[in-house]
Amino acid sequence: MSYQKILVALDRTAASDRVFDYALGLAQSSQGQLQLVHSLDVKPYDNLGKLIDAGAGLQNSAKVQHEEEAAQLQQVQEAQRWLEQLRAEASKRNVSADFVCEMANPGSFICQLAKNWAADVIVMGNSGKKGLKKLILGSVSDYVSNHAPCSTIVVPNDSSLEAEVLSKVS
């Protein structure tokens with residue numbers, strides 16, 4: 001199948017290289033373009049202790065907020081540098097690529113972006129979570145494959161397995 005608009009969801013894990021290479025191969029074979037996406041998950045409870053201390057007056061709340069904003073900005077800048085490197089790699093292989101990086105819930109962000117960009121397919125990885133961990137933490141790839149406006153290709157974490165194409169019925 002020929003895909004022109006390929007949205008590539010990346011999460012900076014070891015599997016991201018496999019996902020990017022797979023999507024790059026798709027784009028090269030169909031002369032398509034890539035939209036690289038990285039969502040920095042909002043984790044409101046990561047600094048709960050500091051926030052409670054600030055609320056109780058044990059720490060300066062402005063300082064806590066400033067530190068949190070600085071940490072988020074640093075994460076975004078690091079992710080943007082990484083995505084820029086991937087865009088340059090795609091360009092070397094004559095594939096047009098752009099990227100988006102935001103603080104958002106990954107599943108819904110990926111689906112909304114795919115809809116707004118009118119993606120033909122979403123290529124993403126699978127963390128390999130199983131059992132209770134998957135039940136409690138959820139799976140972004142499961143969410144996206146069930147809510148995306150287009151087909152989803154899930155590239156497994158294990159290199160011995162093949163990518164799974166989950167098609168949408170139009």
# chains A, B, ... in the order shown; residues from 1 in each chain; ligands from 1
call {"tool": "residues_around", "arguments": {"residues": "Gly25 of chain A", "least_positions_apart": "6", "cutoff": "10 Å", "atoms": "only C-alpha atoms", "output": "list in words"}}
result
Val19, Gln31, Gly32, Ala90, Arg93 and Val95 of chain A
call {"tool": "residues_around", "arguments": {"residues": "segment 72-86 of chain A", "least_positions_apart": "3", "cutoff": "9 Å", "atoms": "only C-alpha atoms", "output": "count of residues only"}}
result
19
call {"tool": "closest_residue", "arguments": {"among": "A:Asn126, A:Ser145, A:Ser108, A:Asn94", "to": "Leu24 of chain A", "atoms": "only C-alpha atoms"}}
result
A:Asn94
call {"tool": "atom_distance", "arguments": {"atom1": "atom CA of Asp21 of chain A", "atom2": "atom CA of Ser141 of chain A"}}
result
17.8 Å
call {"tool": "closest_residue", "arguments": {"among": "A:Ser139, A:Val123, A:Arg18, A:Ala163", "to": "Ser151 of chain A", "atoms": "only C-alpha atoms"}}
result
A:Val123
call {"tool": "residues_around", "arguments": {"residues": "Ala15 of chain A", "least_positions_apart": "3", "cutoff": "12 Å", "atoms": "only C-alpha atoms", "output": "list of chain:residue names"}}
result
A:Ala9, A:Leu10, A:Asp11, A:Arg12, A:Arg18, A:Val19, A:Phe20, A:Asp21, A:Tyr22, A:Met124, A:Gly125, A:Asn126, A:Ser127, A:Gly128, A:Val154, A:Val155, A:Pro156, A:Asn157, A:Asp158, A:Ser159
call {"tool": "write_last_selection", "arguments": {"atoms": "N, CA and C atoms", "output": "compact mmCIF listing (two decimals), in the first residue's frame"}}
result
# COMPACT_ATOMS: atom_id res chain seq x y z
N ALA A 9 4.96 8.28 15.48
CA ALA A 9 4.93 8.56 16.92
C ALA A 9 6.16 7.93 17.57
N LEU A 10 6.97 8.78 18.19
CA LEU A 10 8.24 8.34 18.78
C LEU A 10 8.28 8.68 20.27
N ASP A 11 8.90 7.81 21.06
CA ASP A 11 8.90 8.02 22.50
C ASP A 11 10.29 8.02 23.16
N ARG A 12 11.33 8.09 22.37
CA ARG A 12 12.71 8.14 22.86
C ARG A 12 13.15 6.88 23.61
N ARG A 18 13.81 1.62 15.61
CA ARG A 18 13.12 0.68 14.72
C ARG A 18 11.89 1.32 14.08
N VAL A 19 11.14 2.08 14.86
CA VAL A 19 9.93 2.75 14.36
C VAL A 19 10.32 3.76 13.28
N PHE A 20 11.33 4.57 13.56
CA PHE A 20 11.78 5.57 12.59
C PHE A 20 12.27 4.91 11.30
N ASP A 21 13.09 3.87 11.42
CA ASP A 21 13.60 3.18 10.23
C ASP A 21 12.47 2.57 9.41
N TYR A 22 11.49 1.99 10.08
CA TYR A 22 10.35 1.40 9.38
C TYR A 22 9.59 2.49 8.62
N MET A 124 3.96 3.51 14.85
CA MET A 124 4.39 3.68 16.24
C MET A 124 4.90 2.37 16.80
N GLY A 125 5.52 2.45 17.94
CA GLY A 125 6.07 1.26 18.57
C GLY A 125 5.12 0.68 19.60
N ASN A 126 5.54 -0.45 20.11
CA ASN A 126 4.81 -1.15 21.15
C ASN A 126 5.78 -1.38 22.29
N SER A 127 5.45 -0.92 23.47
CA SER A 127 6.37 -1.02 24.61
C SER A 127 6.58 -2.45 25.09
N GLY A 128 5.66 -3.32 24.76
CA GLY A 128 5.79 -4.70 25.19
C GLY A 128 5.23 -4.94 26.59
N VAL A 154 1.89 -0.95 14.02
CA VAL A 154 2.59 -1.07 15.29
C VAL A 154 3.85 -1.90 15.08
N VAL A 155 4.99 -1.26 15.29
CA VAL A 155 6.29 -1.91 15.14
C VAL A 155 6.66 -2.48 16.51
N PRO A 156 6.83 -3.80 16.60
CA PRO A 156 7.10 -4.39 17.91
C PRO A 156 8.48 -4.05 18.46
N ASN A 157 8.58 -4.11 19.75
CA ASN A 157 9.83 -3.87 20.46
C ASN A 157 10.87 -4.94 20.11
N ASP A 158 10.40 -6.15 19.89
CA ASP A 158 11.25 -7.31 19.60
C ASP A 158 11.52 -7.38 18.10
N SER A 159 12.79 -7.33 17.71
CA SER A 159 13.15 -7.32 16.29
C SER A 159 12.82 -8.63 15.57
call {"tool": "closest_residue", "arguments": {"among": "A:Leu7, A:Ile153, A:Ala71, A:Val140", "to": "Ala118 of chain A", "atoms": "only C-alpha atoms"}}
result
A:Leu7
call {"tool": "atom_distance", "arguments": {"atom1": "atom CA of Glu162 of chain A", "atom2": "atom CA of Ala104 of chain A"}}
result
29.0 Å
